[in-house]
Each structure stands twice: as structure tokens, then as C-alpha cells.
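See below for work-v2.txt, which holds compact mmCIF, C-alpha atoms.
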```txt
# COMPACT_ATOMS: atom_id res chain seq x y z
CA MET C 27 -5.69 59.54 -27.24
CA SER C 28 -5.17 58.21 -23.72
CA GLU C 29 -6.84 54.85 -23.10
CA ARG C 30 -7.92 55.72 -19.53
CA PRO C 31 -9.12 59.29 -19.11
CA ILE C 32 -8.57 61.76 -16.29
CA LEU C 33 -11.98 62.60 -14.85
CA ILE C 34 -12.05 66.32 -13.96
CA VAL C 35 -14.99 67.68 -11.97
CA GLY C 36 -15.67 71.39 -12.44
CA PHE C 37 -14.61 73.77 -15.19
CA VAL C 38 -11.73 76.16 -14.45
CA THR C 39 -10.36 77.93 -17.53
CA PRO C 40 -6.72 78.52 -16.40
CA VAL C 41 -6.32 74.90 -15.31
CA LEU C 42 -7.55 73.44 -18.59
CA MET C 43 -5.34 75.90 -20.46
CA ALA C 44 -2.33 74.84 -18.38
CA LEU C 45 -3.04 71.14 -19.00
CA THR C 46 -3.38 71.58 -22.77
CA GLY C 47 -0.10 70.49 -24.28
CA THR C 48 1.16 68.85 -21.10
CA GLU C 49 -1.49 66.11 -20.89
CA PRO C 50 -2.20 63.86 -23.91
CA ASP C 51 -4.84 64.92 -26.42
CA GLY C 52 -8.27 63.58 -25.57
CA SER C 53 -7.18 62.54 -22.09
CA VAL C 54 -9.80 64.48 -20.09
CA VAL C 55 -13.45 63.78 -19.43
CA LEU C 56 -14.99 66.87 -17.86
CA VAL C 57 -18.02 66.67 -15.55
CA GLU C 58 -20.00 69.85 -14.89
CA GLU C 59 -23.43 70.91 -13.70
CA PRO C 60 -26.01 71.23 -16.53
CA ASP C 61 -26.92 74.79 -15.49
CA VAL C 62 -23.27 75.84 -15.45
CA ILE C 63 -22.67 74.30 -18.88
CA ARG C 64 -25.58 76.30 -20.22
CA LYS C 65 -24.81 79.59 -18.48
CA ARG C 66 -21.11 79.51 -19.39
CA ASP C 67 -21.72 78.14 -22.90
CA LEU C 68 -19.17 75.39 -22.26
CA ARG C 69 -20.08 73.20 -25.21
CA ALA C 70 -19.16 76.00 -27.59
CA LYS C 71 -16.03 76.89 -25.61
CA LEU C 72 -14.79 73.30 -25.60
CA ALA C 73 -15.77 72.48 -29.19
CA GLY C 74 -12.20 72.90 -30.46
CA SER C 75 -10.43 71.52 -27.39
CA THR C 76 -7.77 68.92 -28.10
CA LEU C 77 -7.64 68.06 -24.39
CA VAL C 78 -11.27 67.34 -23.49
CA ARG C 79 -12.60 64.07 -24.89
CA GLU C 80 -16.11 64.39 -23.50
CA LEU C 81 -18.24 66.81 -21.49
CA ILE C 82 -20.73 65.05 -19.20
CA GLU C 83 -23.65 66.94 -17.66
CA TRP C 84 -24.16 65.84 -14.05
CA GLU C 85 -25.49 67.46 -10.86
CA HIS C 86 -22.28 66.84 -8.96
CA ALA C 87 -23.08 69.34 -6.19
CA SER C 88 -26.03 67.23 -4.98
CA PRO C 89 -25.64 64.49 -2.32
CA GLY C 90 -25.50 60.90 -3.54
CA THR C 91 -24.88 61.74 -7.18
CA ALA C 92 -21.36 60.27 -7.23
CA ASP C 93 -22.73 56.77 -6.66
CA GLU C 94 -25.37 57.39 -9.31
CA PHE C 95 -22.63 58.53 -11.71
CA TYR C 96 -20.55 55.44 -10.95
CA ALA C 97 -23.48 53.12 -11.61
CA THR C 98 -24.12 54.87 -14.93
CA HIS C 99 -20.47 55.20 -16.05
CA ARG C 100 -18.82 52.19 -14.41
CA ASP C 101 -17.01 51.32 -17.66
CA LEU C 102 -15.43 54.78 -17.92
CA ASP C 103 -12.43 53.40 -15.99
CA PRO C 104 -10.63 56.71 -15.27
CA VAL C 105 -6.98 56.79 -14.27
CA ALA C 106 -7.65 59.68 -11.84
CA VAL C 107 -10.51 61.77 -10.43
CA VAL C 108 -9.63 65.42 -9.80
CA PRO C 109 -11.92 68.15 -8.37
CA LEU C 110 -11.17 71.69 -9.52
CA ILE C 111 -13.90 73.60 -7.68
CA GLU C 112 -15.02 73.72 -4.06
CA TYR C 113 -18.51 72.34 -4.56
CA ALA C 114 -17.19 69.30 -6.46
CA THR C 115 -14.88 67.96 -3.74
CA PRO C 116 -17.26 65.49 -2.00
CA PHE C 117 -18.45 64.15 -5.37
CA ALA C 118 -14.87 63.63 -6.58
CA ALA C 119 -13.79 62.02 -3.31
CA ARG C 120 -16.65 59.54 -3.35
CA LEU C 121 -16.15 58.80 -7.04
CA ALA C 122 -12.45 58.08 -6.43
CA GLU C 123 -13.50 55.61 -3.73
CA ARG C 124 -15.91 53.86 -6.08
CA TYR C 125 -13.34 53.60 -8.88
CA GLY C 126 -10.61 52.50 -6.42
CA LEU C 127 -8.41 55.53 -7.10
CA PRO C 128 -6.43 57.99 -4.94
CA GLY C 129 -8.61 60.68 -3.37
CA ALA C 130 -9.25 62.76 -0.31
CA SER C 131 -11.78 60.25 1.17
CA LEU C 132 -15.45 61.18 1.32
CA GLY C 133 -15.32 61.76 5.08
CA ALA C 134 -12.48 64.28 4.80
CA ALA C 135 -14.11 66.06 1.86
CA GLN C 136 -17.40 66.45 3.73
CA ILE C 137 -15.68 67.88 6.81
CA LEU C 138 -13.66 70.36 4.73
CA ARG C 139 -16.80 71.49 2.88
CA ASP C 140 -18.53 72.44 6.15
CA LYS C 141 -16.69 75.20 8.03
CA ALA C 142 -18.72 74.64 11.20
CA LEU C 143 -17.94 70.93 11.20
CA LEU C 144 -14.27 71.61 10.48
CA ARG C 145 -14.17 73.90 13.52
CA LYS C 146 -15.40 71.09 15.79
CA VAL C 147 -13.10 68.41 14.37
CA SER C 148 -9.94 70.54 14.25
CA ALA C 149 -10.55 71.97 17.75
CA ALA C 150 -10.93 68.45 19.10
CA ALA C 151 -7.53 67.68 17.53
CA GLY C 152 -5.96 70.56 19.48
CA LEU C 153 -5.84 73.24 16.76
CA ALA C 154 -6.63 76.84 17.68
CA ASN C 155 -9.99 78.05 16.34
CA PRO C 156 -11.85 81.28 17.06
CA GLU C 157 -14.95 80.85 19.22
CA SER C 158 -17.88 80.27 16.85
CA ALA C 159 -21.51 79.19 16.62
CA THR C 160 -23.98 78.24 13.93
CA VAL C 161 -26.74 80.83 13.68
CA THR C 162 -30.14 81.04 11.98
CA SER C 163 -31.16 84.65 12.68
CA PRO C 164 -29.86 88.13 13.52
CA ALA C 165 -31.02 87.58 17.11
CA GLU C 166 -28.62 84.65 17.47
CA VAL C 167 -25.77 86.77 16.07
CA LEU C 168 -26.56 89.45 18.67
CA ALA C 169 -26.60 86.84 21.42
CA PHE C 170 -23.15 85.62 20.32
CA MET C 171 -21.81 89.18 20.30
CA GLY C 172 -23.18 89.68 23.81
CA ALA C 173 -21.26 86.66 25.01
CA HIS C 174 -18.11 87.49 23.01
CA PRO C 175 -17.54 91.27 23.08
CA GLY C 176 -15.74 92.77 20.09
CA PRO C 177 -15.98 92.37 16.32
CA VAL C 178 -17.21 89.14 14.75
CA VAL C 179 -17.25 87.54 11.32
CA LEU C 180 -20.56 86.41 9.85
CA LYS C 181 -20.21 83.93 6.98
CA PRO C 182 -21.78 80.91 5.36
CA ALA C 183 -20.44 77.55 6.49
CA ASN C 184 -20.68 76.04 3.00
CA ARG C 185 -19.73 78.60 0.37
CA GLN C 186 -16.56 79.73 -1.44
CA ALA C 187 -14.77 82.91 -2.61
CA ALA C 188 -15.75 84.92 0.52
CA VAL C 189 -19.38 84.89 -0.68
CA GLY C 190 -21.71 86.14 2.06
CA THR C 191 -18.86 87.01 4.44
CA ARG C 192 -18.71 90.21 6.47
CA ILE C 193 -16.89 91.64 9.49
CA ILE C 194 -19.31 93.19 11.98
CA GLN C 195 -17.87 95.78 14.35
CA ASP C 196 -21.02 96.87 16.18
CA PRO C 197 -24.29 95.15 17.18
CA ALA C 198 -26.16 97.96 15.39
CA GLU C 199 -24.85 96.54 12.08
CA VAL C 200 -26.20 93.03 12.57
CA GLU C 201 -29.64 93.36 10.98
CA GLN C 202 -28.32 94.90 7.76
CA ALA C 203 -25.30 92.59 7.68
CA TRP C 204 -27.51 89.52 7.98
CA LYS C 205 -29.64 90.63 5.01
CA SER C 206 -26.57 91.20 2.85
CA CYS C 207 -24.80 88.00 3.87
CA VAL C 208 -27.67 85.61 3.17
CA GLU C 209 -27.76 86.87 -0.44
CA GLN C 210 -25.30 84.39 -1.92
CA ASP C 211 -25.83 84.48 -5.67
CA GLU C 212 -22.74 83.23 -7.52
CA GLY C 213 -24.24 83.73 -10.96
CA ILE C 214 -22.86 81.63 -13.80
CA PHE C 215 -20.55 79.62 -11.52
CA VAL C 216 -23.24 77.61 -9.72
CA PRO C 217 -26.43 75.73 -10.65
CA ASP C 218 -29.75 77.55 -10.50
CA ARG C 219 -31.29 75.27 -7.86
CA PRO C 220 -31.08 76.64 -4.29
CA MET C 221 -28.23 75.56 -2.01
CA PRO C 222 -28.92 74.97 1.69
CA LEU C 223 -28.30 78.02 3.87
CA SER C 224 -25.94 77.47 6.81
CA MET C 225 -24.52 80.51 8.60
CA LEU C 226 -21.65 80.75 11.08
CA VAL C 227 -20.63 83.59 13.40
CA GLU C 228 -17.22 83.67 15.01
CA ARG C 229 -14.94 85.95 16.96
CA TYR C 230 -12.86 88.16 14.67
CA VAL C 231 -9.17 87.30 14.99
CA HIS C 232 -6.83 90.17 14.20
CA GLY C 233 -3.48 89.38 12.58
CA PRO C 234 -1.67 88.68 9.32
CA GLU C 235 -3.24 86.06 7.06
CA TYR C 236 -1.56 83.17 5.26
CA SER C 237 -2.48 80.09 3.31
CA VAL C 238 -0.68 76.77 3.03
CA GLU C 239 -0.78 74.90 -0.26
CA MET C 240 0.12 71.30 0.44
CA LEU C 241 0.44 68.22 -1.77
CA VAL C 242 -0.52 65.12 0.23
CA ARG C 243 -0.11 61.41 -0.60
CA GLY C 244 -1.29 58.73 1.80
CA GLY C 245 -1.88 61.40 4.44
CA ARG C 246 1.76 62.54 4.26
CA ARG C 247 3.09 65.91 3.17
CA LEU C 248 5.03 65.87 -0.10
CA PHE C 249 5.24 69.62 -0.78
CA ALA C 250 4.21 72.71 1.16
CA ASN C 251 4.22 76.42 0.40
CA VAL C 252 3.11 79.31 2.59
CA THR C 253 1.45 82.26 0.82
CA GLY C 254 1.24 85.73 2.36
CA LYS C 255 -2.01 87.66 1.91
CA GLN C 256 -3.35 91.20 1.85
CA LEU C 257 -7.05 92.09 2.10
CA TYR C 258 -9.05 94.96 0.64
CA PRO C 259 -9.89 97.48 3.37
CA GLY C 260 -13.46 97.43 4.63
CA PRO C 261 -15.94 94.95 6.08
CA ARG C 262 -15.64 92.36 3.28
CA PRO C 263 -12.54 90.15 3.80
CA VAL C 264 -11.73 89.79 0.09
CA GLU C 265 -8.11 89.18 -0.86
CA LEU C 266 -6.24 92.01 -2.59
CA ALA C 267 -2.83 90.35 -3.05
CA HIS C 268 -0.90 87.11 -2.60
CA VAL C 269 2.88 86.73 -2.34
CA VAL C 270 4.90 83.50 -2.60
CA PRO C 271 6.66 82.47 -0.52
CA ALA C 272 5.34 84.43 2.45
CA ASP C 273 8.01 86.87 3.63
CA ILE C 274 8.19 85.45 7.15
CA PRO C 275 10.79 83.66 9.32
CA ASP C 276 11.50 80.02 8.49
CA GLU C 277 10.23 79.01 11.92
CA LEU C 278 6.75 80.42 11.23
CA THR C 279 6.73 78.86 7.75
CA GLU C 280 7.37 75.44 9.24
CA THR C 281 4.85 76.00 12.04
CA LEU C 282 2.10 76.77 9.52
CA ALA C 283 3.03 73.70 7.47
CA GLU C 284 2.98 71.50 10.57
CA LYS C 285 -0.39 72.89 11.64
CA THR C 286 -1.74 72.03 8.19
CA CYS C 287 -0.39 68.49 8.61
CA GLN C 288 -2.43 68.34 11.81
CA VAL C 289 -5.55 69.33 9.83
CA VAL C 290 -4.75 66.53 7.36
CA ALA C 291 -4.57 64.03 10.21
CA ALA C 292 -7.64 65.41 12.01
CA VAL C 293 -9.98 65.06 9.02
CA GLY C 294 -8.36 61.91 7.59
CA PHE C 295 -7.36 63.48 4.28
CA ALA C 296 -5.62 60.86 2.14
CA ASP C 297 -4.54 62.00 -1.33
CA GLY C 298 -4.77 65.36 -3.04
CA ILE C 299 -3.97 69.01 -2.56
CA LEU C 300 -5.04 71.37 0.23
CA HIS C 301 -5.45 75.14 0.40
CA CYS C 302 -5.54 75.86 4.14
CA GLU C 303 -5.98 79.43 5.49
CA TRP C 304 -4.62 80.77 8.78
CA ILE C 305 -4.51 83.98 10.83
CA VAL C 306 -1.57 84.40 13.21
CA SER C 307 -2.50 86.39 16.30
CA ASP C 308 0.00 86.94 19.14
CA GLY C 309 2.12 84.16 17.68
CA VAL C 310 -0.73 81.62 17.57
CA PRO C 311 -1.98 80.29 14.20
CA TYR C 312 -5.79 80.19 14.14
CA LEU C 313 -7.48 78.05 11.51
CA VAL C 314 -9.71 80.08 9.18
CA GLU C 315 -10.83 77.35 6.79
CA CYS C 316 -9.36 74.60 4.61
CA ALA C 317 -10.29 73.51 1.09
CA GLY C 318 -9.51 70.09 -0.36
CA ARG C 319 -8.72 71.42 -3.83
CA ILE C 320 -6.23 73.56 -5.73
CA ALA C 321 -5.89 77.20 -4.71
CA GLY C 322 -7.49 79.88 -6.87
CA ASP C 323 -6.56 83.55 -7.33
CA GLY C 324 -3.46 82.71 -9.39
CA ILE C 325 -1.69 81.13 -6.41
CA MET C 326 -0.83 77.97 -8.35
CA GLU C 327 0.80 80.08 -11.07
CA ILE C 328 2.93 82.13 -8.71
CA ILE C 329 4.02 79.01 -6.82
CA ASP C 330 5.34 77.63 -10.11
CA ARG C 331 7.28 80.83 -10.76
CA ALA C 332 8.71 81.14 -7.26
CA TYR C 333 9.74 77.49 -6.92
CA SER C 334 10.70 76.78 -10.56
CA MET C 335 8.25 73.89 -10.63
CA ARG C 336 4.93 72.78 -12.12
CA LEU C 337 2.73 72.08 -9.12
CA LEU C 338 -0.42 71.38 -11.11
CA ARG C 339 1.37 68.78 -13.21
CA SER C 340 2.83 67.15 -10.08
CA TYR C 341 -0.68 67.03 -8.59
CA PHE C 342 -2.08 65.22 -11.63
CA VAL C 343 0.87 62.79 -11.73
CA MET C 344 0.28 61.97 -8.07
CA MET C 345 -3.47 61.49 -8.53
CA ARG C 346 -2.75 59.00 -11.32
CA GLY C 347 -0.74 57.01 -8.78
CA GLU C 348 2.53 57.55 -10.63
CA PRO C 349 5.92 58.20 -8.98
CA LEU C 350 6.85 61.83 -8.49
CA PRO C 351 10.24 63.45 -9.06
CA GLU C 352 11.85 65.16 -6.07
CA LEU C 353 9.86 68.28 -5.23
CA PRO C 354 11.53 71.54 -4.12
CA ARG C 355 11.65 72.40 -0.44
CA ARG C 356 12.56 76.07 -0.87
CA ALA C 357 11.66 78.77 -3.38
CA THR C 358 14.24 80.03 -5.84
CA GLY C 359 12.70 83.53 -6.02
CA GLY C 360 9.52 85.45 -5.32
CA ALA C 361 6.22 85.91 -7.15
CA ALA C 362 3.06 87.87 -6.43
CA VAL C 363 -0.45 88.51 -7.70
CA ARG C 364 -2.15 91.87 -7.12
CA PHE C 365 -5.79 92.56 -7.94
CA VAL C 366 -6.84 95.80 -9.62
CA PRO C 367 -9.34 97.92 -7.63
CA MET C 368 -12.07 100.02 -9.22
CA GLU C 369 -14.68 102.48 -8.06
CA PRO C 370 -18.44 101.81 -8.25
CA GLY C 371 -20.06 102.81 -11.52
CA VAL C 372 -20.32 101.84 -15.18
CA ILE C 373 -16.98 101.34 -16.95
CA ASP C 374 -16.20 103.85 -19.68
CA ALA C 375 -12.66 102.71 -20.48
CA VAL C 376 -9.83 100.46 -19.29
CA LEU C 377 -6.48 102.16 -19.87
CA GLY C 378 -2.83 101.40 -19.23
CA LEU C 379 -2.88 97.67 -19.98
CA GLU C 380 0.15 97.74 -22.27
CA ASP C 381 2.11 99.86 -19.78
CA ALA C 382 1.34 97.28 -17.09
CA ARG C 383 2.36 94.39 -19.34
CA GLN C 384 5.69 96.06 -20.09
CA ALA C 385 6.44 96.78 -16.42
CA GLU C 386 9.45 95.08 -14.87
CA GLY C 387 8.89 91.48 -13.77
CA VAL C 388 5.29 91.28 -14.99
CA PHE C 389 4.34 88.02 -16.71
CA LEU C 390 0.53 88.29 -16.74
CA VAL C 391 -2.09 91.03 -16.86
CA ASP C 392 -5.69 89.79 -16.96
CA ILE C 393 -8.62 92.19 -16.87
CA MET C 394 -12.04 90.52 -16.72
CA VAL C 395 -14.19 93.60 -17.36
CA GLU C 396 -14.78 95.89 -20.32
CA PRO C 397 -16.67 99.12 -21.11
CA GLY C 398 -20.31 98.82 -20.15
CA HIS C 399 -19.68 96.59 -17.12
CA ARG C 400 -21.54 97.79 -14.02
CA PHE C 401 -19.81 97.51 -10.64
CA THR C 402 -21.78 98.32 -7.49
CA GLU C 403 -19.63 97.11 -4.60
CA LEU C 404 -17.04 94.51 -3.59
CA ARG C 405 -19.03 91.68 -2.00
CA SER C 406 -16.91 88.61 -2.81
CA SER C 407 -13.92 87.43 -4.82
CA TRP C 408 -16.15 87.15 -7.89
CA ASP C 409 -16.51 90.95 -7.96
CA ARG C 410 -12.82 91.67 -8.57
CA THR C 411 -12.02 93.22 -11.93
CA GLY C 412 -8.60 91.86 -12.86
CA LEU C 413 -5.09 91.03 -11.73
CA VAL C 414 -1.39 91.46 -12.33
CA MET C 415 1.29 88.81 -11.67
CA ALA C 416 4.99 89.56 -11.30
CA VAL C 417 8.25 87.85 -10.36
CA ALA C 418 11.49 89.00 -8.74
CA ASP C 419 14.45 87.69 -6.77
CA SER C 420 12.55 88.16 -3.50
CA PRO C 421 8.89 88.03 -2.39
CA ALA C 422 8.91 91.68 -1.27
CA GLU C 423 10.23 92.89 -4.62
CA ALA C 424 7.75 90.72 -6.53
CA LEU C 425 4.87 92.27 -4.58
CA ARG C 426 6.25 95.78 -5.17
CA ARG C 427 6.42 95.13 -8.91
CA ALA C 428 2.90 93.71 -9.03
CA GLU C 429 1.55 96.70 -7.08
CA LYS C 430 3.35 99.15 -9.36
CA ALA C 431 2.01 97.50 -12.50
CA ALA C 432 -1.52 97.34 -11.10
CA GLY C 433 -1.25 101.06 -10.40
CA LEU C 434 -0.63 101.71 -14.10
CA ILE C 435 -4.08 100.35 -14.99
CA ARG C 436 -6.84 102.96 -14.94
CA ILE C 437 -10.48 101.91 -14.94
CA GLU C 438 -12.55 104.97 -15.74
CA VAL C 439 -16.19 104.84 -14.63
CA SER C 440 -19.29 106.96 -14.75
CA PRO C 441 -21.35 107.09 -11.56
```
Conversion result in C-alpha cells:
Amino acid sequence: MSERPILIVGFVTPVLMALTGTEPDGSVVLVEEPDVIRKRDLRAKLAGSTLVRELIEWEHASPGTADEFYATHRDLDPVAVVPLIEYATPFAARLAERYGLPGASLGAAQILRDKALLRKVSAAAGLANPESATVTSPAEVLAFMGAHPGPVVLKPANRQAAVGTRIIQDPAEVEQAWKSCVEQDEGIFVPDRPMPLSMLVERYVHGPEYSVEMLVRGGRRLFANVTGKQLYPGPRPVELAHVVPADIPDELTETLAEKTCQVVAAVGFADGILHCEWIVSDGVPYLVECAGRIAGDGIMEIIDRAYSMRLLRSYFVMMRGEPLPELPRRATGGAAVRFVPMEPGVIDAVLGLEDARQAEGVFLVDIMVEPGHRFTELRSSWDRTGLVMAVADSPAEALRRAEKAAGLIRIEVSP
């Protein structure tokens, strides 16, 4: 058992699975919200874990609770504090400060958690942002559309996974869109107590979307990858596929990495990992949002495959303050993740899983639904049914393989 534990804030199944066997037994103390522990039955799930030494119930998503935690657990003496989920980033940053450990810095974490605040700070630093405004009613959305003709995006300033986000093409849609966007239930993944409502409207920027995953130490870039994205069609901007590395010219790859470095400098981000999203329109990268945590959606896994590395392990080594080996600058191949669509209804059967698993290049098929599951509509990333991951010699071929394998899966539903 490790003498000084790694303090992980937020439960993410794939991450803990990836760390098991690579980190010492009993080296992790996990902090999670009491409601989430109950709703996800985490005590039972972690009962046989060799990795997790202790599970501590704490309301980490509430302001000021990091200092309360430190006062209560000052003798815990962790070797690192690592946030795994969006809502845990300010807590983890403040806790790292209190324990004297590497971290994002509380100021940076708070800016990154508030999309409206990030807009102001990054624009002041010279980064391109779409015109935007905080809004509290449909009338204010209509006023913004009157001043900025064309489609807009309505979204919460402080949520994750595209929850409550919608593209509005016409003012006639505003009233209904507002009602649907302010419903932001994330079920088992968040505590039951209400979260403050903060809505943002902004001009819709048309163009291809990318994300930059960047490892940062002392405010300096150590590793950067650019991921290409595809979205589901329709008014909800939910991601359908990711490909690594993005199949774009080297010049654009470096531009997106440099723009992300400018975000790092603008918010004062010190140590950690960033997942920073961009839309490129007429050659100009516009900042969408930036998270001070690991990327979800399987992006970490496909980075590992494309670059022949272990990014998650490098992240943890860095957060412990240990020296890092030389990190790759270029990918050695391509990797992609493709989500599996389904029609609204109640699932009768999920077919074709073995065919998908045997398809060329496929290394993971994960379906999160089963017969009896009811699907009404795609509202956020939480509503997706499953995914396929594949590798190849090139990004384009990896995406083709993932798409082909996903097409072999048939989710039969009754209306």
C-alpha cells in the first residue's frame, strides 16, 4: 500500500479501471458526492477494489467545501489531487493549493467552470469568441437574436456533456427551446440538490469542430493532441464521433495548440490537463469552451492508441510532481470512436455485437443499454447508447472502420 495516497475527486469507471494494475494497490482515496455514491451504489461497486483505499462522502460541488475538507482531513497528506469530472475541478484545484501540491489554481478552475466568464477573459486576451450574452428569459434570447441575425446557441454556462444546449434557427423556436434547455437533470451523475441556473446565448459559428487535449506543467505545454469531431444532425450539438489525430494540415494542428496555450495563459492554468474545444470558421479558430480535466467520450483511450502512449498515466505522474519521460510529438497511427445511434422507443433487442467486435481494427465495443430501456430523444451526451473504437494506420481509415462496425449493431425498438 502506498504511504501517501492519490486523492481522486469524482468517480469515472474507465479511469479507475485503467489505473488498476498500473497504480499501487490501495493508493487511491476517492471523494464523491453522498447522493452520487447512493444513486450509483458505489460502496458495493468498490467493495472488491484493490486500488481504492477509502471512499469519502463529501459535497465537493458546493463552494467552500475544499477548505472544510482540508481542515477535516489535514493529516491525509496526499501525493496528488486529481479531478476526474467537470463539477469537481474547483474543489480539486483549491484542495491542491491547501495541500501544497500541483494543480490548476482555484482562479483558473473557476474561470473554466463558467463559460460566460471564460468568454470575457479569453476575449480580453485576444482570442476569437462568438458574440454572446448571459440571459434569464426567452425575451432576452429574442432581443439577442434581434441584434445578431441568424442562428444562435442557447446553453447553460455551468454544465457538462451538452446538457441543456440547443441550436435555435428561428425566433419562433425560442419559447419552446428555453423550456427544454432549462431542464438539466443529469440523473445519477449529480447530487440531488439544485444547481444554480445560468444561461448563455451566443451567435452560432458554422465550421468543423475540434478539441485540443493538452498536458500542462507550470503553465507550459508538455503534450498536445488535436481531435476531430462529428456531431449528430439536428438541433442538439451532441458528438457522434471523434478521430485522433484530426485529419487536418500540420499548420492548423499547431495553430489550435497555440491557441490553447493562449487560453492557458489567459486563465492562469498551472498544472493539469485541458480539454479545449474549437470551431474553425473561415480559417479563424473560435473558442467554444475549455475544461480543466481529462477528456471524456473515449478520447483518452484513442489518444493512447494513436500515439502509442499512456496519457492518463503520464498525467498522474506529472500531478505527483515526478519527472516525465519524453512524450510523443506526433501520432504513430489513427484511432476513432463512433457512437451508435438508435431510434426513439423501448428496446426489444441489441443485435450484432459480436460482428462489431470481430470487425477489422476494432478494439472496444461498449453498449450501455439493454432490452427494456426507454429512449425518447437525444438531449445530451448522457443519452447516447453505446460506442465503438477502432484503430488503423491513418485517422481516416480508423474512422471508416469505427463507422462500419457501428453499422453492424442493430438496436431494435418498439414505438
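Across C:Pro217, C:Ala150, C:Arg262, C:Ser75, the tightest approach to Gln195 of chain C is made by C:Arg262 when counting only C-alpha atoms.
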Q | Radius query 6 Å about (-0.2, 84.7, -1.3), atoms used: all atoms listed in the file, as a list of chain:residue names | A | C:Thr253, C:Gly254, C:Lys255, C:His268, C:Val269, C:Val270
Q | Selection near Leu102 of chain C, 10 Å with all atoms listed in the file, sequence-local residues under 5 positions removed, as a list of chain:residue names | A |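 Here the qualifying residues turn out to be C:Arg30, C:Pro31, C:Ile32, C:Leu33, C:Val55, C:Tyr96, C:Tyr125.
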Q | Coordinates-based distance that separates atom CA of Ala106 of chain C from atom CA of Arg331 of chain C (Å, one decimal) | A |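 Result for atom CA of Arg331 of chain C versus atom CA of Ala106 of chain C: 25.9 Å, one decimal.
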Q) Near Arg355 of chain C, counting all atoms listed in the file, which residues have an atom at most 10 Å away, once you skip same-chain residues fewer than 6 positions from it, shown as an NGL selection string? A) :C and (248-251 or 333)
Q: Around the point (-9.3, 93.4, -11.6), in the coordinates given by the file, pick out the residues reaching within 7 Å, counting all atoms listed in the file, and return them as a PyMOL selection string.
A: chain C and resi 365-367+393-394+410-413
Q | Between atom CA of Leu377 of chain C and atom CA of Asp409 of chain C - distance in Å to one decimal | A | 19.2 Å
**Q.** Distance criterion (all atoms listed in the file): nearest to Leu404 of chain C out of C:Thr358, C:Ser420, C:Ser307, C:Ser206
**A.** C:Ser206
Mind giving me the axis-aligned box for segment 277-285 of chain C with 8 Å on every side, centre plus edges in Å to one decimal, as lines of an AutoDock Vina configuration file?
```
center_x = 4.9
center_y = 76.0
center_z = 9.8
size_x = 26.6
size_y = 24.9
size_z = 20.6
```
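The interatomic distance for the pair atom CA of Thr48 of chain C and atom CA of His86 of chain C works out to 26.5 Å.
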Q: Show which residues sit within 10 Å of Val264 of chain C, as a PyMOL selection string. Count all atoms listed in the file, and ignore same-chain residues fewer than 6 positions away.
A: chain C and resi 187-189+191-192+256-258+404-410
Q. Which one is closest to Ile328 of chain C: C:Tyr236, C:Phe389, C:Tyr312, C:Trp304? Count all atoms listed in the file.
A. C:Phe389
Spatial neighbours of Ile214 of chain C, max dist 8 Å, all atoms listed in the file, sep filter under 6 positions, as a JSON list (two decimals) with C-alpha atoms, in the coordinates of the input:
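Saved result, result-v7.json, follows:
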```
[["chain", "number", "residue", "atom", "x", "y", "z"],
["C", 62, "VAL", "CA", -23.27, 75.84, -15.45],
["C", 65, "LYS", "CA", -24.81, 79.59, -18.48],
["C", 66, "ARG", "CA", -21.11, 79.51, -19.39]]
```
Q. Smallest atom-to-atom distance to Leu42 of chain C: which of C:Arg339, C:Arg243, C:Lys141, C:His174, using only C-alpha atoms?
A. C:Arg339
Q: Could you tell me which of C:Val38, C:Val289, C:Ala87, C:Val314 comes closest to Arg247 of chain C if we count all atoms listed in the file?
A: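 The closest residue to Arg247 of chain C is C:Val289.
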Would you output segment 390-401 of chain C from that structure, restricted to N, CA and C atoms, as a PDB file, in the first residue's frame?
```pdb
ATOM      1  N   LEU C 390     -12.731  -2.045 -29.068  1.00  0.00           N
ATOM      2  CA  LEU C 390     -13.723  -1.937 -27.990  1.00  0.00           C
ATOM      3  C   LEU C 390     -15.107  -1.700 -28.570  1.00  0.00           C
ATOM      4  N   VAL C 391     -16.070  -2.464 -28.051  1.00  0.00           N
ATOM      5  CA  VAL C 391     -17.490  -2.229 -28.309  1.00  0.00           C
ATOM      6  C   VAL C 391     -18.167  -2.167 -26.941  1.00  0.00           C
ATOM      7  N   ASP C 392     -18.826  -1.067 -26.643  1.00  0.00           N
ATOM      8  CA  ASP C 392     -19.447  -0.889 -25.330  1.00  0.00           C
ATOM      9  C   ASP C 392     -20.859  -0.355 -25.523  1.00  0.00           C
ATOM     10  N   ILE C 393     -21.838  -1.184 -25.229  1.00  0.00           N
ATOM     11  CA  ILE C 393     -23.239  -0.782 -25.332  1.00  0.00           C
ATOM     12  C   ILE C 393     -23.796  -0.620 -23.921  1.00  0.00           C
ATOM     13  N   MET C 394     -24.337   0.559 -23.623  1.00  0.00           N
ATOM     14  CA  MET C 394     -24.776   0.880 -22.271  1.00  0.00           C
ATOM     15  C   MET C 394     -26.268   0.677 -22.052  1.00  0.00           C
ATOM     16  N   VAL C 395     -26.978   0.103 -23.015  1.00  0.00           N
ATOM     17  CA  VAL C 395     -28.412  -0.120 -22.870  1.00  0.00           C
ATOM     18  C   VAL C 395     -28.726  -1.588 -23.094  1.00  0.00           C
ATOM     19  N   GLU C 396     -29.899  -1.996 -22.675  1.00  0.00           N
ATOM     20  CA  GLU C 396     -30.336  -3.386 -22.812  1.00  0.00           C
ATOM     21  C   GLU C 396     -31.836  -3.406 -23.036  1.00  0.00           C
ATOM     22  N   PRO C 397     -32.407  -4.571 -23.394  1.00  0.00           N
ATOM     23  CA  PRO C 397     -33.858  -4.647 -23.595  1.00  0.00           C
ATOM     24  C   PRO C 397     -34.633  -4.092 -22.404  1.00  0.00           C
ATOM     25  N   GLY C 398     -35.656  -3.301 -22.731  1.00  0.00           N
ATOM     26  CA  GLY C 398     -36.460  -2.651 -21.710  1.00  0.00           C
ATOM     27  C   GLY C 398     -36.119  -1.187 -21.512  1.00  0.00           C
ATOM     28  N   HIS C 399     -34.931  -0.768 -21.993  1.00  0.00           N
ATOM     29  CA  HIS C 399     -34.533   0.637 -21.857  1.00  0.00           C
ATOM     30  C   HIS C 399     -35.400   1.509 -22.756  1.00  0.00           C
ATOM     31  N   ARG C 400     -35.875   2.621 -22.212  1.00  0.00           N
ATOM     32  CA  ARG C 400     -36.724   3.554 -22.970  1.00  0.00           C
ATOM     33  C   ARG C 400     -35.899   4.752 -23.408  1.00  0.00           C
ATOM     34  N   PHE C 401     -35.936   5.045 -24.707  1.00  0.00           N
ATOM     35  CA  PHE C 401     -35.221   6.196 -25.264  1.00  0.00           C
ATOM     36  C   PHE C 401     -36.238   7.104 -25.926  1.00  0.00           C
TER      37      PHE C 401
END
```
